[in-house]
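Structure file coords-v9.cif with mmCIF, C-alpha atoms:
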data_structure
loop_
_atom_site.label_atom_id
_atom_site.label_comp_id
_atom_site.auth_asym_id
_atom_site.auth_seq_id
_atom_site.Cartn_x
_atom_site.Cartn_y
_atom_site.Cartn_z
CA MET H 1 0.00 0.00 0.00
CA ILE H 2 1.38 3.44 -0.99
CA ALA H 3 1.61 5.95 1.85
CA ARG H 4 0.88 9.31 0.28
CA ARG H 5 2.76 12.30 1.64
CA PRO H 6 1.72 15.95 2.07
CA PHE H 7 2.96 18.73 -0.23
CA GLY H 8 2.52 16.67 -3.43
CA GLN H 9 5.52 16.76 -5.74
CA ASN H 10 7.11 19.30 -3.40
CA TYR H 11 7.65 16.50 -0.88
CA ALA H 12 10.98 16.03 -2.63
CA TRP H 13 12.11 19.15 -0.75
CA VAL H 14 11.21 17.49 2.57
CA VAL H 15 13.51 14.63 1.60
CA VAL H 16 16.20 17.21 0.79
CA GLY H 17 15.70 18.73 4.25
CA VAL H 18 16.13 15.37 6.02
CA THR H 19 19.19 14.60 3.91
CA PHE H 20 20.61 18.05 4.63
CA VAL H 21 20.35 17.50 8.40
CA ALA H 22 21.89 14.02 8.18
CA LEU H 23 24.81 15.38 6.16
CA LEU H 24 25.24 18.16 8.74
CA ALA H 25 25.61 15.57 11.50
CA ALA H 26 28.11 13.45 9.56
CA ALA H 27 30.16 16.53 8.68
CA GLY H 28 30.12 17.66 12.30
CA LEU H 29 31.50 14.28 13.33
CA ARG H 30 34.26 14.50 10.73
CA ALA H 31 35.15 18.03 11.92
CA ALA H 32 35.31 17.16 15.61
CA PRO H 33 38.92 15.80 15.48
CA GLY H 34 40.07 19.32 14.59
CA VAL H 35 38.72 20.51 17.95
CA LEU H 36 39.84 17.41 19.84
CA LEU H 37 43.44 17.48 18.55
CA THR H 38 44.89 19.80 21.19
CA PRO H 39 42.77 18.60 24.18
CA LEU H 40 43.63 14.95 23.54
CA THR H 41 47.35 15.66 23.31
CA GLN H 42 47.14 17.59 26.60
CA THR H 43 44.94 15.04 28.40
CA PHE H 44 46.63 11.79 27.38
CA GLY H 45 50.08 13.00 26.38
CA TRP H 46 49.67 11.60 22.88
CA SER H 47 51.75 13.18 20.13
CA ARG H 48 50.19 15.40 17.48
CA GLY H 49 51.20 12.82 14.88
CA GLU H 50 49.30 10.03 16.70
CA VAL H 51 46.14 12.09 16.98
CA SER H 52 46.45 13.28 13.38
CA ALA H 53 46.82 9.67 12.23
CA ALA H 54 43.40 8.79 13.66
CA ALA H 55 41.86 11.81 11.91
CA ALA H 56 43.55 10.82 8.65
CA ILE H 57 42.25 7.24 8.83
CA GLY H 58 38.72 8.46 9.54
CA ILE H 59 38.85 10.91 6.65
CA PHE H 60 40.18 8.29 4.24
CA LEU H 61 37.60 5.66 5.19
CA TYR H 62 34.88 8.30 4.95
CA GLY H 63 35.79 8.53 1.27
CA LEU H 64 36.63 4.87 0.61
CA VAL H 65 33.21 3.73 1.82
CA GLY H 66 31.52 6.13 -0.61
CA PRO H 67 31.31 4.00 -3.78
CA PHE H 68 30.26 0.90 -1.83
CA ALA H 69 27.65 2.95 0.04
CA ALA H 70 26.37 4.28 -3.30
CA ALA H 71 26.09 0.71 -4.58
CA LEU H 72 24.31 -0.35 -1.38
CA MET H 73 21.83 2.47 -1.93
CA GLN H 74 20.95 0.86 -5.26
CA THR H 75 20.68 -2.67 -3.87
CA LEU H 76 19.80 -2.47 -0.18
CA GLY H 77 18.18 0.99 -0.44
CA ILE H 78 19.01 4.58 0.46
CA LYS H 79 17.01 4.53 3.68
CA ARG H 80 18.54 1.36 5.12
CA THR H 81 22.07 2.43 4.20
CA LEU H 82 21.56 5.83 5.81
CA LEU H 83 20.12 4.31 9.00
CA ALA H 84 23.03 1.87 9.30
CA GLY H 85 25.49 4.76 8.93
CA LEU H 86 23.80 6.87 11.62
CA VAL H 87 23.71 3.96 14.09
CA LEU H 88 27.41 3.23 13.55
CA MET H 89 28.30 6.92 13.92
CA SER H 90 26.51 7.10 17.26
CA ALA H 91 27.90 3.82 18.59
CA SER H 92 31.51 4.51 17.58
CA THR H 93 31.69 7.96 19.11
CA ALA H 94 29.99 6.77 22.31
CA LEU H 95 32.57 3.99 22.68
CA SER H 96 35.39 6.54 22.55
CA LEU H 97 34.31 7.79 26.00
CA PHE H 98 36.19 4.79 27.40
CA MET H 99 39.44 5.18 25.42
CA SER H 100 42.81 5.36 27.15
CA GLU H 101 45.30 4.43 24.40
CA PRO H 102 45.97 6.00 20.98
CA TRP H 103 44.75 2.88 19.18
CA HIS H 104 41.38 3.25 20.90
CA TYR H 105 41.01 6.66 19.25
CA VAL H 106 42.05 5.18 15.91
CA ALA H 107 39.53 2.32 16.25
CA THR H 108 36.56 4.52 17.23
CA TRP H 109 36.98 7.92 15.58
CA GLY H 110 39.21 6.54 12.84
CA VAL H 111 37.88 3.17 11.67
CA MET H 112 34.31 2.83 13.00
CA ALA H 113 33.27 6.47 12.64
CA GLY H 114 34.94 6.62 9.23
CA LEU H 115 32.89 3.65 8.01
CA GLY H 116 29.64 5.03 9.47
CA SER H 117 30.02 8.58 8.24
CA GLY H 118 31.04 7.28 4.81
CA ALA H 119 27.46 6.09 4.35
CA VAL H 120 26.23 9.61 5.20
CA ALA H 121 28.44 11.49 2.76
CA MET H 122 28.25 13.33 -0.55
CA VAL H 123 27.32 10.10 -2.34
CA LEU H 124 24.07 10.23 -0.36
CA GLY H 125 23.38 13.67 -1.80
CA ALA H 126 24.17 12.42 -5.31
CA ALA H 127 21.79 9.45 -4.92
CA ILE H 128 18.98 11.68 -3.58
CA VAL H 129 19.40 14.19 -6.41
CA ASN H 130 19.33 11.55 -9.14
CA ARG H 131 16.37 9.67 -7.63
CA TRP H 132 14.15 12.57 -6.53
CA PHE H 133 14.86 15.33 -9.08
CA VAL H 134 14.74 15.79 -12.84
CA THR H 135 15.03 19.58 -12.78
CA ASN H 136 17.00 21.85 -10.41
CA ARG H 137 19.68 19.22 -9.92
CA GLY H 138 22.55 21.69 -9.79
CA LEU H 139 20.79 23.81 -7.16
CA VAL H 140 19.95 20.81 -4.96
CA THR H 141 23.47 19.44 -5.34
CA GLY H 142 24.81 22.80 -4.20
CA MET H 143 22.54 22.84 -1.16
CA LEU H 144 23.42 19.31 -0.08
CA SER H 145 27.12 19.82 -0.77
CA ALA H 146 27.06 22.99 1.31
CA SER H 147 25.64 21.05 4.25
CA THR H 148 28.75 18.87 4.45
CA ALA H 149 30.99 21.88 4.93
CA THR H 150 28.46 23.87 6.94
CA GLY H 151 28.18 21.06 9.49
CA ALA H 152 31.95 20.72 9.57
CA LEU H 153 32.52 24.41 10.23
CA VAL H 154 29.50 26.01 11.88
CA PHE H 155 29.48 23.53 14.77
CA LEU H 156 33.16 24.08 15.57
CA PRO H 157 32.68 27.06 17.93
CA LEU H 158 30.04 25.10 19.85
CA MET H 159 32.34 22.09 20.12
CA ALA H 160 35.27 24.32 21.10
CA SER H 161 33.13 25.93 23.82
CA LEU H 162 32.12 22.49 25.08
CA VAL H 163 35.80 21.50 25.27
CA GLU H 164 36.71 24.62 27.24
CA ALA H 165 33.73 24.33 29.59
CA SER H 166 33.44 20.58 30.14
CA GLY H 167 36.35 18.83 28.43
CA TRP H 168 36.62 16.65 25.33
CA ARG H 169 34.04 14.11 26.54
CA ALA H 170 31.25 16.69 26.18
CA VAL H 171 31.92 16.86 22.43
CA VAL H 172 31.85 13.07 22.15
CA ILE H 173 28.50 12.85 23.95
CA ALA H 174 26.99 15.60 21.81
CA VAL H 175 27.97 13.91 18.54
CA ALA H 176 26.70 10.51 19.71
CA VAL H 177 23.34 11.91 20.84
CA VAL H 178 22.73 13.96 17.68
CA SER H 179 23.52 10.97 15.44
CA ALA H 180 21.12 8.74 17.39
CA ALA H 181 18.37 11.39 17.34
CA LEU H 182 18.35 11.42 13.53
CA VAL H 183 17.36 7.75 13.28
CA PRO H 184 13.63 8.26 13.99
CA LEU H 185 13.60 11.33 11.74
CA VAL H 186 14.79 9.25 8.78
CA LEU H 187 12.39 6.41 9.62
CA LEU H 188 9.37 8.73 9.63
CA LEU H 189 10.07 11.23 6.86
CA MET H 190 12.15 9.57 4.14
CA PRO H 191 10.46 7.21 1.65
CA GLU H 192 12.81 4.96 -0.27
CA ARG H 193 11.78 6.44 -3.63
CA PRO H 194 9.10 8.86 -4.94
CA SER H 195 6.81 6.05 -6.10
CA ASP H 196 6.62 4.76 -2.51
CA ALA H 197 4.81 8.01 -1.66
CA GLY H 198 2.68 8.00 -4.80
CA LEU H 199 4.85 10.70 -6.40
CA ARG H 200 7.06 11.34 -9.41
CA PRO H 201 10.55 12.84 -9.20
CA PHE H 202 10.42 16.62 -8.98
CA GLY H 203 10.08 18.09 -12.47
CA ALA H 204 9.22 14.75 -14.11
CA THR H 205 6.30 14.54 -16.53
CA ASP H 206 6.27 10.73 -16.77
CA ASP H 207 6.70 7.94 -14.27
CA PRO H 208 10.31 6.69 -14.17
CA PRO H 209 10.94 3.07 -15.19
CA PRO H 210 10.86 0.68 -12.24
CA GLN H 211 14.25 -0.19 -10.82
CA PRO H 212 14.67 -3.86 -9.92
CA ALA H 213 15.72 -4.52 -6.35
CA GLY H 214 19.15 -6.03 -5.96
CA ARG H 215 20.91 -7.97 -3.25
CA ALA H 216 23.26 -6.32 -0.79
CA VAL H 217 25.91 -8.88 -1.74
CA ASP H 218 25.85 -7.47 -5.29
CA SER H 219 27.01 -4.06 -4.06
CA ILE H 220 30.71 -4.91 -4.09
CA ARG H 221 30.51 -6.27 -7.63
CA LEU H 222 28.50 -3.23 -8.76
CA ALA H 223 30.96 -0.77 -7.21
CA LEU H 224 34.05 -2.51 -8.59
CA SER H 225 32.63 -3.02 -12.09
CA ALA H 226 31.73 0.68 -12.32
CA LEU H 227 35.29 1.55 -11.24
CA THR H 228 36.81 -0.83 -13.80
CA ARG H 229 34.90 0.80 -16.64
CA ALA H 230 35.35 4.37 -15.41
CA ALA H 231 39.10 3.91 -14.91
CA ARG H 232 39.47 3.41 -18.67
CA THR H 233 38.45 7.02 -19.32
CA PRO H 234 40.74 10.07 -18.90
CA ALA H 235 37.81 12.06 -17.52
CA PHE H 236 37.66 9.84 -14.44
CA TRP H 237 41.31 10.36 -13.56
CA LEU H 238 41.09 14.12 -14.07
CA LEU H 239 38.01 14.29 -11.84
CA PHE H 240 39.76 12.04 -9.30
CA GLY H 241 42.90 14.17 -9.33
CA THR H 242 41.15 17.51 -9.00
CA PHE H 243 38.99 16.18 -6.17
CA PHE H 244 42.14 14.87 -4.44
CA VAL H 245 43.30 18.48 -4.34
CA CYS H 246 39.87 19.62 -3.15
CA GLY H 247 40.11 17.36 -0.10
CA LEU H 248 43.76 18.24 0.50
CA THR H 249 43.01 21.98 0.60
CA THR H 250 39.77 21.88 2.63
CA ASN H 251 38.93 19.44 5.42
CA GLY H 252 42.38 17.83 5.31
CA LEU H 253 44.47 20.98 5.82
CA VAL H 254 42.24 23.88 6.82
CA GLY H 255 39.54 21.87 8.59
CA THR H 256 42.01 19.79 10.62
CA HIS H 257 44.90 22.19 11.22
CA LEU H 258 43.73 25.82 10.96
CA ILE H 259 42.73 25.93 14.63
CA SER H 260 46.16 24.63 15.66
CA TYR H 261 47.84 27.03 13.21
CA CYS H 262 45.99 29.97 14.75
CA SER H 263 46.84 28.68 18.22
CA ASP H 264 50.52 28.67 17.23
CA ARG H 265 50.09 32.33 16.31
CA GLY H 266 48.58 33.19 19.70
CA MET H 267 44.83 33.01 18.94
CA PRO H 268 42.46 31.36 21.47
CA ILE H 269 40.86 28.08 20.34
CA VAL H 270 37.28 29.41 20.41
CA ALA H 271 38.22 32.43 18.30
CA ALA H 272 39.99 30.17 15.79
CA ALA H 273 36.98 27.88 15.63
CA GLY H 274 34.87 30.99 15.00
CA LEU H 275 36.85 31.58 11.81
CA LEU H 276 35.91 28.13 10.56
CA ALA H 277 32.30 28.76 11.51
CA LEU H 278 32.38 31.95 9.45
CA MET H 279 33.68 29.88 6.54
CA GLY H 280 30.75 27.51 7.03
CA VAL H 281 28.20 30.31 6.81
CA PHE H 282 29.69 31.63 3.59
CA ASP H 283 30.13 28.10 2.22
CA LEU H 284 26.37 27.66 2.40
CA VAL H 285 26.04 30.71 0.15
CA GLY H 286 28.96 29.90 -2.12
CA THR H 287 28.19 26.24 -2.77
CA THR H 288 24.47 26.86 -3.32
CA ALA H 289 25.39 29.63 -5.76
CA SER H 290 27.83 27.25 -7.43
CA GLY H 291 24.97 24.82 -7.98
CA TRP H 292 22.94 27.60 -9.63
CA LEU H 293 25.92 28.52 -11.83
CA THR H 294 26.51 24.86 -12.71
CA ASP H 295 23.00 24.66 -14.22
CA ARG H 296 23.97 27.51 -16.56
CA TYR H 297 27.73 27.52 -17.32
CA ASP H 298 30.55 25.21 -18.36
CA PRO H 299 31.49 23.28 -15.18
CA ARG H 300 35.14 23.00 -16.27
CA LYS H 301 35.56 26.77 -16.32
CA LEU H 302 33.94 27.03 -12.91
CA LEU H 303 36.40 24.47 -11.52
CA PHE H 304 39.30 26.40 -13.05
CA VAL H 305 38.23 29.55 -11.20
CA TYR H 306 37.52 27.78 -7.91
CA TYR H 307 40.80 25.87 -7.70
CA GLY H 308 42.90 28.77 -8.96
CA LEU H 309 41.57 31.25 -6.41
CA ARG H 310 41.80 28.67 -3.64
CA GLY H 311 45.44 27.95 -4.40
CA LEU H 312 46.40 31.62 -4.44
CA SER H 313 44.65 32.30 -1.12
CA LEU H 314 46.50 29.44 0.64
CA ILE H 315 49.85 30.69 -0.62
CA VAL H 316 49.11 34.23 0.60
CA LEU H 317 47.70 33.34 4.06
CA PRO H 318 51.00 32.54 5.87
CA PHE H 319 52.42 35.92 4.83
CA THR H 320 49.53 37.97 6.25
CA SER H 321 49.67 39.58 9.69
CA PHE H 322 47.12 37.08 11.09
CA ASP H 323 45.12 39.96 12.56
CA ALA H 324 41.32 40.03 12.78
CA VAL H 325 40.89 41.79 9.44
CA SER H 326 43.16 39.57 7.34
CA LEU H 327 41.82 36.36 8.88
CA SER H 328 38.21 37.47 8.46
CA VAL H 329 38.80 38.28 4.79
CA PHE H 330 40.41 34.87 4.32
CA ALA H 331 37.52 33.15 6.11
CA VAL H 332 34.86 34.83 3.96
CA PHE H 333 36.72 34.23 0.70
CA TYR H 334 37.68 30.64 1.52
CA GLY H 335 34.19 29.88 2.78
CA LEU H 336 32.63 30.94 -0.53
CA ASP H 337 35.02 28.56 -2.31
CA TRP H 338 35.15 25.75 0.29
CA ILE H 339 33.37 22.97 -1.64
CA ALA H 340 31.88 24.98 -4.47
CA THR H 341 33.71 22.38 -6.57
CA VAL H 342 31.13 19.66 -5.84
CA PRO H 343 28.21 20.72 -8.12
CA PRO H 344 30.35 21.08 -11.28
CA THR H 345 32.22 17.85 -10.46
CA LEU H 346 28.96 15.91 -10.04
CA ARG H 347 27.55 17.42 -13.24
CA LEU H 348 30.60 16.27 -15.17
CA ALA H 349 30.20 12.80 -13.64
CA ASN H 350 26.52 12.68 -14.61
CA GLU H 351 27.27 13.82 -18.17
CA THR H 352 30.11 11.36 -18.58
CA PHE H 353 28.82 8.24 -16.81
CA GLY H 354 25.00 8.52 -16.82
CA ASP H 355 22.42 8.97 -14.06
CA ARG H 356 22.45 5.37 -12.78
CA ASP H 357 26.22 4.87 -12.56
CA ALA H 358 27.24 8.44 -11.80
CA PRO H 359 26.62 8.23 -8.01
CA ILE H 360 28.90 5.17 -7.81
CA VAL H 361 31.58 6.73 -9.99
CA PHE H 362 31.25 9.95 -8.01
CA GLY H 363 31.81 7.82 -4.91
CA TRP H 364 35.13 6.70 -6.36
CA VAL H 365 35.97 10.31 -7.19
CA LEU H 366 35.16 11.10 -3.56
CA VAL H 367 37.78 8.52 -2.56
CA GLY H 368 40.27 10.84 -4.22
CA HIS H 369 38.88 13.76 -2.21
CA GLN H 370 39.30 11.93 1.08
CA ALA H 371 42.70 10.51 0.12
CA GLY H 372 43.83 14.10 -0.43
CA ALA H 373 42.26 15.13 2.86
CA ALA H 374 43.96 12.28 4.71
CA THR H 375 47.29 13.18 3.11
CA ALA H 376 46.99 16.76 4.33
CA ALA H 377 45.64 15.85 7.76
CA PHE H 378 48.60 13.55 8.46
CA GLY H 379 51.25 15.29 6.38
CA ALA H 380 50.63 18.76 7.77
CA GLY H 381 50.90 17.37 11.31
CA ILE H 382 54.24 15.78 10.49
CA LEU H 383 55.53 18.94 8.77
CA ARG H 384 54.50 20.97 11.83
CA GLU H 385 56.53 18.69 14.08
CA VAL H 386 59.57 18.66 11.77
CA GLN H 387 59.63 22.32 10.69
CA GLY H 388 58.06 23.89 13.77
CA ASP H 389 55.35 25.74 11.80
CA TYR H 390 52.71 25.27 9.09
CA LEU H 391 54.29 27.50 6.41
CA GLY H 392 55.44 24.67 4.13
CA ALA H 393 52.11 22.82 4.40
CA PHE H 394 50.01 25.83 3.34
CA VAL H 395 52.27 26.91 0.48
CA ALA H 396 52.46 23.35 -0.89
CA ALA H 397 48.68 23.00 -0.72
CA GLY H 398 48.30 26.29 -2.61
CA ALA H 399 50.57 25.03 -5.37
CA PHE H 400 48.43 21.91 -5.71
CA GLY H 401 45.39 24.16 -6.08
CA LEU H 402 46.95 25.87 -9.10
CA ILE H 403 47.75 22.49 -10.65
CA ALA H 404 44.13 21.35 -10.17
CA ALA H 405 42.91 24.51 -11.92
CA ALA H 406 44.89 23.55 -15.01
CA MET H 407 43.68 19.93 -14.85
CA ALA H 408 40.04 21.05 -14.82
CA LEU H 409 40.37 22.59 -18.26
CA MET H 410 41.71 19.28 -19.61
CA ILE H 411 38.45 17.40 -18.92
CA ARG H 412 36.58 16.58 -22.14
CA ARG H 413 32.79 16.67 -22.03
CA PRO H 414 30.82 14.10 -24.06
CA THR H 415 29.84 15.43 -27.50
CA ASP H 416 26.55 13.55 -27.53
CA LYS H 417 23.98 12.38 -24.98
CA ALA H 418 25.31 8.84 -24.70
CA PRO H 419 27.29 8.50 -21.43
CA VAL H 420 30.87 7.40 -21.83
CA LEU H 421 30.47 4.54 -19.36
CA ALA H 422 27.83 2.91 -21.56
CA ALA H 423 30.11 3.26 -24.57
CA VAL H 424 33.02 1.71 -22.69
CA ALA H 425 30.85 -1.18 -21.50
CA ALA H 426 29.78 -1.88 -25.08
CA GLU H 427 33.35 -2.25 -26.34
#

For the structure just supplied, provide its representation as structure tokens.
Amino acid sequence: MIARRPFGQNYAWVVVGVTFVALLAAAGLRAAPGVLLTPLTQTFGWSRGEVSAAAAIGIFLYGLVGPFAAALMQTLGIKRTLLAGLVLMSASTALSLFMSEPWHYVATWGVMAGLGSGAVAMVLGAAIVNRWFVTNRGLVTGMLSASTATGALVFLPLMASLVEASGWRAVVIAVAVVSAALVPLVLLLMPERPSDAGLRPFGATDDPPPQPAGRAVDSIRLALSALTRAARTPAFWLLFGTFFVCGLTTNGLVGTHLISYCSDRGMPIVAAAGLLALMGVFDLVGTTASGWLTDRYDPRKLLFVYYGLRGLSLIVLPFTSFDAVSLSVFAVFYGLDWIATVPPTLRLANETFGDRDAPIVFGWVLVGHQAGAATAAFGAGILREVQGDYLGAFVAAGAFGLIAAAMALMIRRPTDKAPVLAAVAAE
């Protein structure tokens, strides 16, 4: 029996709202290690490299799970995959309350939380967009992409205040409770697909063809076969490489180490976290606007601008005076550009690989993003210990941004409507 929902075709926006909140929670979890880095080193005497290693593992697994989570969403279902991710996020962070050794932090916030949050990542947004929308895809992609950075940044001052007032355990409890609270919200408000609510995808004039249900065991084969075909195209490797740089220059470097960098320069932790929160506010504007632009302009040219400006800003930052004005300007500018790269990247994936396979291929591209983030999260920590400051890390990241800008212009868009992946499979 079909359970009809209020709002008619506009119920798709309710699904977007639920997805937005879930992505906020997952992004907040992934951002928490940036706040916990200094308190954990002070409380347990662990080195900055040990704590950074756990953050790097969590970031990498967050990306590596993506393509398999996207495949599970096609076989097991979006709703079940999302619920499993939320439960694992809550359980893993709650278990970290009892940690006493560095490997405990790696196991909970690194491995378990990385696996759980990987199911509540940008591949979720891609699957929702392709299943629930025919029109306005760029705009919705921008909104959902913005939520991943907004959650990562806006919650940082709150988490920093909790650390100062009540210690690191208060942050752990908050993340665990919020993740658990989202489970009933998803159960009540998110149908598996529009037809389950007696609806069509937003903007559709005809009913979509029925999609046969698959088995969860088929997800690994589906994810790997999509990778095998995609890897034979230059477009995949260019998207993978540019997104590697995206992760390296955002949550890997700035998200994980900017608070510590500011602390090295004499800024209180809450004030430094406030800078990241300011980035989050402007990211919501910038990434949503990027989605609107992606519906109208060549996504390759947008990526060229985004990566080029990002690289230049990272090179300039270490040579500023680090006063309130210069840091605020950096925060606003960097926030607008934080993950504005996602809508044009997903559009290029959709154009190249088709609506059905694009979320899985995008999941593999996201692996590149998180590999870059893990590289920066760990590498910047090591450089800080070896060199005594973050200068080399920020300048190197800026140089990679300029390289990614050039790579974006090398991506070839399909000249007809047939996705490349279908053509490759037919060979």

On this file, the PyMOL selection byres ((chain H and resi 271) around 12) gives some set of residues; write that set as a PyMOL selection string.
-> chain H and resi 35+156-158+160-161+164+258-260+262-263+266-270+272-278+323-324+327-328

Evaluate the PyMOL selection byres ((chain H and resi 94-107) around 9) here and jot the selected residues down as a VMD selection string.
-> chain H and resid 44 46 50 to 51 53 to 55 57 to 58 89 to 93 108 to 113 169 172 to 173 175 to 177

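Of the residues under consideration (H:Leu293, H:Ala226, H:Met122, H:Ala197), H:Leu293 shows the shortest atom-to-atom contact distance to Gly138 of chain H when counting only C-alpha atoms.
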
If we count all atoms listed in the file, what is near Gly311 of chain H at a cut-off of 9 Å, once residues fewer than 6 positions away on the same chain are taken out, given as a list of chain:residue names?
-> H:Thr249, H:Val395, H:Ala397, H:Gly398, H:Ala399, H:Phe400, H:Gly401, H:Leu402, H:Ile403, H:Ala404, H:Ala405

Selection result for the PyMOL selection byres ((chain H and resi 19) around 12) on this file, as a PyMOL selection string | chain H and resi 12-18+20-26+78-79+82-83+86+119-129+132+140-141+143-148+182-183+185-186+189-191

Exercise: Asn251 of chain H partners within 8 Å, all atoms listed in the file, chain neighbours under 6 positions left out, as a list in words | Ala31, Ala373 and Ala377 of chain H
